[in-house]
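K.L.:
This is the content of coords-v6.txt (compact mmCIF, C-alpha atoms):
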# COMPACT_ATOMS: atom_id res chain seq x y z
CA MET A 1 -113.37 26.52 -32.63
CA VAL A 2 -111.35 28.43 -35.06
CA MET A 3 -109.81 30.45 -32.34
CA SER A 4 -109.22 27.35 -30.40
CA ILE A 5 -107.43 25.80 -33.32
CA GLN A 6 -105.46 28.97 -33.89
CA SER A 7 -104.53 29.12 -30.24
CA GLN A 8 -103.43 25.56 -30.40
CA THR A 9 -101.55 26.30 -33.51
CA GLN A 10 -99.87 29.28 -31.95
CA ILE A 11 -99.05 27.19 -28.98
CA LYS A 12 -97.50 24.34 -31.02
CA VAL A 13 -95.42 26.40 -33.50
CA PRO A 14 -92.75 27.69 -31.12
CA PRO A 15 -91.76 24.22 -29.85
CA GLN A 16 -91.15 23.09 -33.44
CA GLU A 17 -88.70 25.97 -34.15
CA ARG A 18 -86.62 25.55 -30.86
CA PRO A 19 -85.37 22.03 -31.51
CA ALA A 20 -83.90 23.04 -34.89
CA LEU A 21 -81.83 25.85 -33.35
CA SER A 22 -80.60 23.58 -30.53
CA VAL A 23 -79.40 20.97 -33.03
CA VAL A 24 -77.39 23.57 -34.96
CA LYS A 25 -75.81 24.93 -31.83
CA GLY A 26 -75.04 21.46 -30.54
CA SER A 27 -73.42 20.52 -33.82
CA ARG A 28 -71.25 23.59 -33.69
CA ARG A 29 -70.26 22.89 -30.16
CA LYS A 30 -69.38 19.34 -31.02
CA LYS A 31 -67.15 20.45 -33.89
CA ARG A 32 -65.43 22.96 -31.65
CA GLY A 33 -64.82 20.24 -29.05
CA TRP A 34 -63.28 17.93 -31.61
CA LEU A 35 -61.15 20.75 -32.94
CA LEU A 36 -59.98 21.67 -29.47
CA ALA A 37 -59.26 18.02 -28.69
CA GLY A 38 -57.30 17.69 -31.91
CA VAL A 39 -55.27 20.79 -31.14
CA MET A 40 -54.59 19.55 -27.64
CA LEU A 41 -53.65 16.18 -29.02
CA VAL A 42 -51.25 17.73 -31.50
CA VAL A 43 -49.73 19.92 -28.79
CA PHE A 44 -49.41 16.99 -26.42
CA GLY A 45 -47.95 14.83 -29.16
CA GLY A 46 -45.47 17.57 -30.02
CA ILE A 47 -44.44 17.80 -26.39
CA VAL A 48 -44.00 14.03 -26.21
CA VAL A 49 -42.03 13.92 -29.43
CA TYR A 50 -39.85 16.84 -28.31
CA GLY A 51 -39.15 15.12 -25.00
CA LEU A 52 -38.29 11.86 -26.74
CA LEU A 53 -35.97 13.65 -29.15
CA ALA A 54 -34.35 15.55 -26.28
CA ARG A 55 -33.85 12.36 -24.33
CA LEU A 56 -32.42 10.62 -27.38
CA SER A 57 -30.04 13.53 -28.00
CA GLN A 58 -28.94 13.55 -24.38
CA GLY A 59 -28.39 9.81 -24.49
CA ASN A 60 -26.23 10.14 -27.58
CA THR A 61 -24.29 12.95 -25.91
CA VAL A 62 -23.79 10.91 -22.74
CA ARG A 63 -22.68 7.87 -24.74
CA ALA A 64 -20.27 10.02 -26.74
CA GLU A 65 -18.85 11.62 -23.60
CA THR A 66 -18.61 8.24 -21.89
CA ALA A 67 -16.79 6.78 -24.88
CA GLN A 68 -14.49 9.80 -24.94
CA MET A 69 -13.80 9.57 -21.21
CA ALA A 70 -13.04 5.86 -21.56
CA VAL A 71 -9.99 6.80 -23.69
CA PRO A 72 -7.38 8.28 -21.28
CA SER A 73 -5.77 11.58 -22.17
CA VAL A 74 -1.97 11.68 -22.10
CA SER A 75 0.79 14.20 -22.61
CA VAL A 76 3.78 13.17 -24.73
CA VAL A 77 7.35 14.35 -25.23
CA SER A 78 9.85 13.85 -28.04
CA PRO A 79 13.30 12.42 -27.16
CA LYS A 80 16.26 14.77 -27.58
CA ARG A 81 19.52 13.47 -28.99
CA THR A 82 22.46 13.92 -26.62
CA ALA A 83 25.37 16.17 -27.49
CA PRO A 84 28.33 14.59 -29.36
CA ALA A 85 30.64 15.51 -26.47
CA GLN A 86 29.50 14.84 -22.93
CA GLU A 87 30.85 16.24 -19.69
CA ILE A 88 30.93 14.11 -16.59
CA VAL A 89 31.80 15.52 -13.20
CA LEU A 90 33.67 13.24 -10.80
CA PRO A 91 35.10 13.82 -7.31
CA GLY A 92 38.85 13.66 -6.90
CA ASN A 93 41.65 14.26 -4.41
CA VAL A 94 44.70 16.32 -5.30
CA GLN A 95 47.92 14.41 -4.62
CA PRO A 96 51.56 15.36 -5.18
CA PHE A 97 53.30 13.81 -8.14
CA ILE A 98 56.00 12.47 -5.79
CA SER A 99 55.43 11.98 -2.09
CA SER A 100 57.68 10.06 0.26
CA PRO A 101 58.10 9.44 3.98
CA ILE A 102 61.70 9.65 5.20
CA TYR A 103 62.82 7.04 7.74
CA ALA A 104 66.06 6.59 9.62
CA ARG A 105 68.26 3.70 8.50
CA THR A 106 70.15 3.49 11.77
CA ASN A 107 69.36 3.48 15.50
CA GLY A 108 70.19 6.41 17.71
CA TYR A 109 69.08 9.78 19.02
CA VAL A 110 68.21 12.93 17.09
CA LYS A 111 71.05 15.40 17.52
CA ASN A 112 69.66 18.22 15.35
CA TRP A 113 67.00 18.83 12.70
CA TYR A 114 67.21 21.58 10.06
CA ALA A 115 63.84 21.66 8.21
CA ASP A 116 60.35 22.20 9.56
CA ILE A 117 56.92 21.86 7.92
CA GLY A 118 56.38 24.08 4.89
CA ALA A 119 60.10 24.36 4.19
CA HIS A 120 61.10 24.25 0.52
CA VAL A 121 64.16 22.04 0.26
CA LYS A 122 66.47 21.08 -2.56
CA LYS A 123 67.73 17.61 -3.29
CA GLY A 124 70.64 16.75 -1.00
CA LYS A 125 69.80 19.29 1.71
CA LEU A 126 70.65 18.11 5.22
CA LEU A 127 67.44 17.56 7.16
CA ALA A 128 68.62 16.00 10.44
CA VAL A 129 71.60 14.41 12.23
CA ILE A 130 71.31 11.28 14.39
CA GLU A 131 73.80 10.30 17.07
CA THR A 132 74.70 6.58 16.85
CA PRO A 133 77.30 5.73 19.53
CA GLU A 134 76.70 1.99 19.20
CA VAL A 135 77.39 2.08 15.46
CA ASP A 136 80.49 4.20 16.03
CA GLN A 137 81.87 1.63 18.49
CA GLN A 138 81.02 -1.26 16.21
CA LEU A 139 82.81 0.48 13.37
CA ALA A 140 85.92 1.03 15.50
CA GLN A 141 85.90 -2.63 16.53
CA SER A 142 85.47 -3.77 12.93
CA ARG A 143 88.37 -1.61 11.81
CA SER A 144 90.56 -3.16 14.52
CA ASN A 145 89.53 -6.64 13.45
CA LEU A 146 90.35 -5.70 9.87
CA ALA A 147 93.81 -4.48 10.89
CA THR A 148 94.45 -7.77 12.73
CA ALA A 149 93.27 -9.76 9.75
CA GLN A 150 95.45 -7.77 7.41
CA ALA A 151 98.50 -8.37 9.64
CA ASN A 152 97.79 -12.11 9.70
CA LEU A 153 97.38 -12.05 5.93
CA LYS A 154 100.75 -10.33 5.52
CA LEU A 155 102.45 -12.95 7.70
CA ALA A 156 100.70 -15.77 5.83
CA GLU A 157 101.84 -14.30 2.53
CA ILE A 158 105.46 -14.17 3.70
CA THR A 159 105.28 -17.76 4.99
CA LYS A 160 103.73 -18.98 1.76
CA THR A 161 106.44 -17.30 -0.32
CA ARG A 162 109.24 -18.74 1.86
CA TYR A 163 107.83 -22.27 1.75
CA LEU A 164 107.42 -22.17 -2.01
CA GLY A 165 111.11 -21.16 -2.33
CA LEU A 166 112.24 -23.95 -0.03
CA LEU A 167 110.03 -26.44 -1.85
CA ALA A 168 111.95 -25.73 -5.04
CA THR A 169 115.16 -26.99 -3.35
CA HIS A 170 113.31 -29.86 -1.63
CA ALA A 171 114.21 -28.36 1.75
CA VAL A 172 110.59 -28.69 2.99
CA ALA A 173 107.87 -31.19 2.41
CA GLN A 174 105.05 -30.57 -0.04
CA GLN A 175 102.58 -30.76 2.86
CA ASP A 176 104.22 -27.85 4.63
CA ALA A 177 104.04 -25.72 1.47
CA ASP A 178 100.36 -26.60 1.00
CA ASN A 179 99.60 -25.67 4.63
CA ALA A 180 101.30 -22.30 4.18
CA GLU A 181 99.29 -21.59 1.03
CA GLY A 182 96.03 -22.65 2.71
CA THR A 183 96.72 -20.36 5.67
CA TYR A 184 97.30 -17.48 3.28
CA ASN A 185 94.03 -18.07 1.45
CA ALA A 186 92.07 -18.32 4.73
CA ASN A 187 93.51 -15.08 6.03
CA LYS A 188 92.76 -13.41 2.72
CA ALA A 189 89.08 -14.41 3.05
CA ILE A 190 89.00 -13.12 6.64
CA VAL A 191 90.36 -9.78 5.48
CA GLU A 192 87.71 -9.54 2.76
CA ALA A 193 84.95 -10.34 5.29
CA ASP A 194 86.27 -7.74 7.71
CA GLN A 195 86.46 -5.19 4.94
CA ALA A 196 82.80 -5.85 4.03
CA ASN A 197 81.80 -5.49 7.68
CA VAL A 198 83.64 -2.19 7.91
CA ARG A 199 81.93 -0.93 4.76
CA GLN A 200 78.54 -1.93 6.15
CA LEU A 201 79.11 -0.06 9.39
CA GLU A 202 80.47 2.93 7.53
CA THR A 203 77.27 2.96 5.50
CA LEU A 204 75.19 2.80 8.66
CA GLN A 205 77.26 5.60 10.08
CA SER A 206 76.58 7.65 6.96
CA PHE A 207 72.86 7.29 7.72
CA GLU A 208 73.43 9.50 10.73
CA LYS A 209 72.84 12.37 8.33
CA ILE A 210 69.46 12.49 6.62
CA TYR A 211 69.23 14.31 3.29
CA ALA A 212 66.31 15.35 1.08
CA PRO A 213 65.88 12.79 -1.74
CA PHE A 214 64.37 15.33 -4.16
CA ASP A 215 63.23 18.94 -4.45
CA GLY A 216 60.03 19.43 -2.53
CA ILE A 217 58.18 20.72 0.51
CA ILE A 218 58.36 19.27 4.00
CA THR A 219 54.74 18.48 4.84
CA ALA A 220 55.35 16.71 8.15
CA ARG A 221 58.04 16.57 10.86
CA ASN A 222 57.54 13.76 13.35
CA THR A 223 60.72 14.02 15.41
CA ASP A 224 62.59 16.35 17.75
CA ILE A 225 65.97 16.69 19.40
CA GLY A 226 66.80 13.83 21.75
CA GLN A 227 64.13 11.48 20.44
CA LEU A 228 65.04 7.80 20.23
CA ILE A 229 65.11 6.62 16.66
CA ASN A 230 64.65 3.07 15.37
CA SER A 231 65.81 2.20 11.92
CA GLY A 232 63.07 1.92 9.31
CA ASN A 233 63.98 -1.68 8.44
CA SER A 234 63.78 -2.97 12.03
CA GLY A 235 60.88 -4.89 13.45
CA ASN A 236 59.94 -2.08 15.84
CA THR A 237 57.26 0.55 15.28
CA LYS A 238 58.20 2.59 12.23
CA THR A 239 57.74 6.35 12.34
CA ASP A 240 58.80 8.57 9.49
CA LEU A 241 60.97 11.47 10.60
CA PHE A 242 59.82 13.72 7.76
CA HIS A 243 57.34 13.63 4.93
CA ILE A 244 58.31 15.37 1.73
CA SER A 245 56.17 16.10 -1.33
CA GLN A 246 56.85 17.50 -4.76
CA PRO A 247 53.94 19.88 -5.61
CA GLY A 248 55.18 21.23 -8.93
CA LYS A 249 53.09 18.63 -10.70
CA LEU A 250 49.99 17.06 -9.22
CA ARG A 251 48.13 13.82 -9.68
CA VAL A 252 44.36 13.56 -9.34
CA TYR A 253 42.87 10.08 -9.22
CA VAL A 254 39.20 9.71 -10.16
CA ASN A 255 36.92 6.68 -10.35
CA VAL A 256 35.21 6.66 -13.75
CA PRO A 257 31.91 4.72 -13.90
CA GLU A 258 32.06 1.52 -15.91
CA GLN A 259 29.75 2.82 -18.64
CA TYR A 260 32.33 5.51 -19.53
CA SER A 261 35.38 3.28 -19.20
CA LYS A 262 35.86 2.94 -22.97
CA ALA A 263 35.55 6.68 -23.53
CA ALA A 264 37.95 7.56 -20.71
CA ALA A 265 41.11 7.06 -22.75
CA PRO A 266 44.49 8.76 -22.24
CA GLY A 267 44.62 12.13 -23.98
CA LEU A 268 41.27 13.47 -22.79
CA THR A 269 41.27 16.98 -21.41
CA ALA A 270 39.94 17.73 -17.96
CA GLN A 271 39.13 20.83 -15.96
CA LEU A 272 39.47 21.01 -12.20
CA THR A 273 37.30 23.24 -10.03
CA LEU A 274 37.94 23.83 -6.33
CA ALA A 275 35.81 25.58 -3.73
CA GLU A 276 38.70 27.83 -2.70
CA PHE A 277 39.02 29.15 -6.28
CA PRO A 278 35.45 30.13 -7.27
CA GLY A 279 35.02 30.79 -10.96
CA ARG A 280 38.43 29.34 -11.90
CA GLN A 281 39.32 26.18 -13.74
CA PHE A 282 42.66 24.39 -13.85
CA GLN A 283 43.65 22.49 -16.96
CA GLY A 284 44.63 18.84 -16.73
CA ASN A 285 45.06 15.78 -18.91
CA LEU A 286 44.14 12.15 -18.48
CA VAL A 287 47.47 10.36 -18.80
CA ARG A 288 46.78 6.78 -17.76
CA THR A 289 44.18 4.37 -16.42
CA SER A 290 44.32 1.13 -14.47
CA ASN A 291 42.90 -0.78 -17.48
CA SER A 292 40.75 -2.80 -15.11
CA ILE A 293 37.35 -2.37 -13.49
CA ASN A 294 37.28 -2.39 -9.70
CA PHE A 295 35.11 -5.32 -8.68
CA ALA A 296 33.71 -3.59 -5.59
CA THR A 297 32.90 -0.17 -7.07
CA ARG A 298 32.52 -1.06 -10.79
CA THR A 299 34.71 1.91 -11.68
CA LEU A 300 37.89 2.54 -13.65
CA THR A 301 40.72 4.35 -11.87
CA ALA A 302 42.09 7.19 -14.00
CA GLU A 303 44.97 9.58 -13.34
CA ILE A 304 44.76 13.27 -14.21
CA ASP A 305 48.04 15.21 -14.25
CA VAL A 306 47.95 18.95 -13.55
CA ASP A 307 50.85 21.40 -13.71
CA ASN A 308 51.22 23.48 -10.56
CA PRO A 309 54.34 25.63 -11.07
CA SER A 310 53.26 28.35 -8.64
CA GLY A 311 52.17 25.87 -5.98
CA GLU A 312 48.79 27.53 -5.48
CA LEU A 313 47.02 24.18 -5.58
CA LEU A 314 47.53 22.44 -2.26
CA THR A 315 47.98 18.70 -2.06
CA GLY A 316 45.19 16.85 -0.33
CA SER A 317 42.52 19.25 -1.60
CA TYR A 318 39.12 18.05 -2.78
CA THR A 319 38.31 18.86 -6.39
CA GLU A 320 35.64 18.23 -8.98
CA VAL A 321 37.02 16.88 -12.24
CA HIS A 322 35.11 17.77 -15.41
CA LEU A 323 35.89 15.19 -18.09
CA ASN A 324 34.84 15.74 -21.70
CA VAL A 325 34.10 12.25 -23.00
CA PRO A 326 32.76 11.43 -26.49
CA GLY A 327 28.99 10.91 -26.46
CA GLN A 328 27.09 8.00 -27.94
CA ALA A 329 25.40 8.94 -31.20
CA SER A 330 22.40 6.71 -30.51
CA SER A 331 21.58 8.00 -27.03
CA TYR A 332 18.64 10.26 -26.19
CA LEU A 333 17.39 12.26 -23.23
CA VAL A 334 13.87 11.91 -21.79
CA PRO A 335 12.28 13.09 -18.51
CA VAL A 336 12.56 10.63 -15.66
CA SER A 337 8.75 10.83 -15.34
CA THR A 338 8.46 8.80 -18.55
CA LEU A 339 10.08 5.70 -17.05
CA ILE A 340 8.03 2.60 -16.24
CA PHE A 341 9.57 0.15 -13.74
CA ARG A 342 8.17 -3.36 -14.02
CA SER A 343 9.36 -6.92 -13.63
CA GLN A 344 10.13 -7.00 -17.36
CA GLY A 345 12.68 -4.22 -16.83
CA LEU A 346 12.73 -0.53 -17.62
CA GLN A 347 10.13 0.47 -20.25
CA LEU A 348 8.82 3.55 -22.05
CA ALA A 349 5.20 4.05 -23.22
CA VAL A 350 5.25 5.21 -26.86
CA VAL A 351 2.13 6.46 -28.69
CA ASN A 352 1.76 5.14 -32.24
CA ASN A 353 -1.40 6.26 -34.11
CA GLY A 354 -3.31 6.65 -30.86
CA THR A 355 -2.22 3.24 -29.54
CA VAL A 356 0.24 2.57 -26.72
CA VAL A 357 3.34 0.47 -27.36
CA LEU A 358 5.54 -0.41 -24.36
CA THR A 359 9.19 -0.30 -25.46
CA PRO A 360 12.13 -1.76 -23.45
CA ALA A 361 14.84 0.83 -22.75
CA THR A 362 18.40 0.78 -21.46
CA PRO A 363 19.30 3.72 -19.19
CA GLY A 364 22.53 5.64 -19.25
CA ARG A 365 23.51 8.65 -17.18
CA ASP A 366 21.08 10.17 -14.71
CA PHE A 367 20.90 13.98 -14.85
CA GLY A 368 18.27 14.36 -12.13
CA GLU A 369 15.14 15.50 -13.99
CA GLN A 370 16.35 13.84 -17.20
CA ILE A 371 17.89 10.48 -17.95
CA GLU A 372 19.87 9.17 -20.87
CA ILE A 373 18.49 6.25 -22.90
CA VAL A 374 21.30 4.44 -24.71
CA SER A 375 19.10 1.92 -26.50
CA GLY A 376 15.40 1.46 -27.23
CA LEU A 377 14.62 4.76 -28.97
CA LYS A 378 15.05 6.01 -32.53
CA GLY A 379 14.33 9.66 -31.80
CA ASN A 380 11.01 10.08 -33.65
CA GLU A 381 8.77 8.58 -30.96
CA SER A 382 6.14 10.29 -28.84
CA VAL A 383 6.83 9.16 -25.28
CA ILE A 384 4.07 9.44 -22.68
CA VAL A 385 4.88 11.59 -19.67
CA SER A 386 3.79 10.19 -16.27
CA PRO A 387 2.06 7.08 -17.69
CA PRO A 388 -0.51 5.38 -15.40
CA ASP A 389 0.50 2.16 -13.69
CA SER A 390 -2.25 0.24 -15.51
CA ILE A 391 -1.10 1.18 -19.02
CA VAL A 392 -0.59 -1.76 -21.39
CA THR A 393 0.40 -2.31 -25.00
CA GLY A 394 -2.51 -1.80 -27.42
CA GLN A 395 -4.43 0.58 -25.16
CA LYS A 396 -6.08 3.53 -26.91
CA VAL A 397 -5.07 6.97 -25.68
CA GLN A 398 -5.72 10.55 -26.66
CA VAL A 399 -2.86 13.04 -26.86
CA VAL A 400 -4.12 16.29 -25.34
CA GLN A 401 -0.94 18.29 -25.15
CA ALA A 402 2.64 17.67 -26.12
CA ALA A 403 5.13 18.38 -23.33
CA ALA A 404 8.12 20.65 -23.90
CA ALA A 405 11.06 18.92 -25.56
CA THR A 406 13.95 18.01 -23.33
CA GLY A 407 17.25 19.80 -23.60
CA GLY A 408 20.66 18.41 -24.34
CA ALA A 409 23.14 17.13 -21.78
CA GLN A 410 24.70 19.80 -19.66
Starting from the file, give its structure as structure tokens.
P.N.:
Amino acid sequence: MVMSIQSQTQIKVPPQERPALSVVKGSRRKKRGWLLAGVMLVVFGGIVVYGLLARLSQGNTVRAETAQMAVPSVSVVSPKRTAPAQEIVLPGNVQPFISSPIYARTNGYVKNWYADIGAHVKKGKLLAVIETPEVDQQLAQSRSNLATAQANLKLAEITKTRYLGLLATHAVAQQDADNAEGTYNANKAIVEADQANVRQLETLQSFEKIYAPFDGIITARNTDIGQLINSGNSGNTKTDLFHISQPGKLRVYVNVPEQYSKAAAPGLTAQLTLAEFPGRQFQGNLVRTSNSINFATRTLTAEIDVDNPSGELLTGSYTEVHLNVPGQASSYLVPVSTLIFRSQGLQLAVVNNGTVVLTPATPGRDFGEQIEIVSGLKGNESVIVSPPDSIVTGQKVQVVQAAAATGGAQ
């Protein structure tokens, strides 16, 4: 029995010790599981928080970049004041100071001519001789008529004197004396008329010889020996026999634009440049203007006089006239890319504290890449270069780079 109890006891003891060890191990395992779960939870939470923070940072960055991109970036330029003296270049034609066509004053045929083109002639030089047989015959007839009239006048004078003597002795009637005096006066008038006719024909005969009216150069000869000539004052086709010019002093007429009409006053200096004289300039002076604006061209006609003592400048040449006109103190130069053309007129986009202000502007001279602004600028503005078409007043902009300042007028 004892052994049976002991065997039972030995059999029952081990099962009582095993459950205690299993509980301890299970408790430890449970704690480790919770610890591992907590660590995983912390790690997962950290990952989630990091992702949220990254997303939030990226969102802020995107919003900042979007806001920055919403403000357009522009480049600006500062206006440059124009020079106090401005040079304008205008086309012109060189003309002689005196130029005249020479016509015949009588009808006839050319007998001889004595000057060809390019000939330098002095005043009074014989240029041509015209044969006028009709005028010669008319002059001879008029002289004969004058002689007849003079003879009749002499007879009338003798008769008048005789009748006045007889009237004193009452040998003739008063009527006869009055008739004698009237006949004398009529014949005297006829003589005077015949004398005038003779002088007229003598003058026409003197036109047979054509002389140079002034010192100059023959630039054209439009006649030859034997050619039929009609007088210049007749109703027939008029052809000048010669054309003579005086090249010692030249005139150059230029059309000055209306905006410079006030500055283009007599006394201004001018320089002439011609293609046939590269690198050379010829001095001239503005001596007079038309004092009126041409309605069709809106220009002022000005005359430039140039001395040409050596005659190297040829009349009829094309020239470029450089006029030095006083500049406007309030005018500025800006690139043409700054201009805005709208229905309101010409405008410039000016940046003021990061905000756009559209300013009306009045243009002046156009220099190609640059243009003159005569009103609308004060000189301290920042003008936007190549502004977008959609730009408006009050728009925010960001200046990224200032463009190079424009130069003065050339």
K.L.:
Lys123 (chain A): which residues within 7 Å, counting all atoms listed in the file, same-chain residues fewer than 2 positions away excluded, as a ChimeraX atom specification?
P.N.:
/A:121,125,212-215
K.L.:
Go through A:Phe295, A:Tyr260, A:Phe277, A:Phe341 one by one, measure the shortest atom-to-atom distance of each to Leu313 (chain A) using only C-alpha atoms, and give the residue with the smallest value.
P.N.:
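Under the stated criterion, the closest residue is A:Phe277.
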K.L.:
Could you name the residues that touch region 299-306 of chain A at 6 Å or less, counting only C-alpha atoms, but leaving out those on the same chain fewer than 3 positions away, as a list in words?
P.N.:
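Final neighbour list, sorted by chain and number: Lys249, Leu250, Arg251, Val252, Tyr253, Val254, Asn255, Val256, Pro257, Glu258, Gly284, Asn285, Leu286, Arg288, Thr289, Ser290, Ile293 and Asn294 of chain A.
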K.L.:
Please list as an NGL selection string every residue within 6 Å of region 126-136 of chain A, counting only C-alpha atoms and excluding residues in the same chain fewer than 3 positions away.
P.N.:
:A and (108-115 or 139 or 208-211)
K.L.:
Could you please determine the separation between CA of Thr319 (chain A) and CA of His120 (chain A) in Å, to one decimal place?
P.N.:
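Going from CA of Thr319 (chain A) over to CA of His120 (chain A) covers 24.4 Å.
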K.L.:
Tell me, in Å to one decimal, how far CA of Asn93 (chain A) is from CA of Tyr318 (chain A).
P.N.:
4.8 Å
K.L.:
Considering only C-alpha atoms, state which residue in the set A:Leu167, A:Arg105, A:Phe97, A:Val334 is at the smallest distance from Thr203 (chain A).
P.N.:
A:Arg105
K.L.:
So what do you get for CA of Asp240 (chain A) versus CA of Ser99 (chain A), distance-wise?
P.N.:
12.5 Å
K.L.:
A:Leu201, A:Asn107, A:Ala193, A:Asp116: which is nearest Gln137 (chain A), counting only C-alpha atoms?
P.N.:
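So, comparing all the options, the nearest one is A:Leu201.
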K.L.:
So, with only C-alpha atoms as the atoms that count, which of A:Leu153, A:Val48, A:Ala140, A:Val325 lies closest to Lys262 (chain A)?
P.N.:
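Ranking A:Leu153, A:Val48, A:Ala140, A:Val325 by distance to Lys262 (chain A), first place goes to A:Val325.
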K.L.:
For Lys396 (chain A), which of A:Asn353, A:Gln246, A:Gln259, A:Gln150 is the closest residue, counting all atoms listed in the file?
P.N.:
A:Asn353
K.L.:
I'd like the neighbourhood of Thr161 (chain A) as a list in words, where a residue qualifies if any of its atoms comes within 10 Å (using all atoms listed in the file), though same-chain residues fewer than 5 positions away should be ignored.
P.N.:
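Listing them by chain and then by number gives Leu155, Ala156, Leu166, Leu167, Ala177, Ala180, Glu181 and Tyr184 of chain A.
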K.L.:
Tell me, as an MDAnalysis selection string, which residues lie within 7 Å of Leu90 (chain A), counting only C-alpha atoms; anything in the same chain fewer than 3 positions away does not count.
P.N.:
chainID A and resid 254 320:322
K.L.:
I need the residue nearest Asp307 (chain A) from this list: A:Val172, A:Val94, A:Ile244, A:Val198. Use all atoms listed in the file for the distance.
P.N.:
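Among the listed residues, the smallest separation from Asp307 (chain A) belongs to A:Val94.
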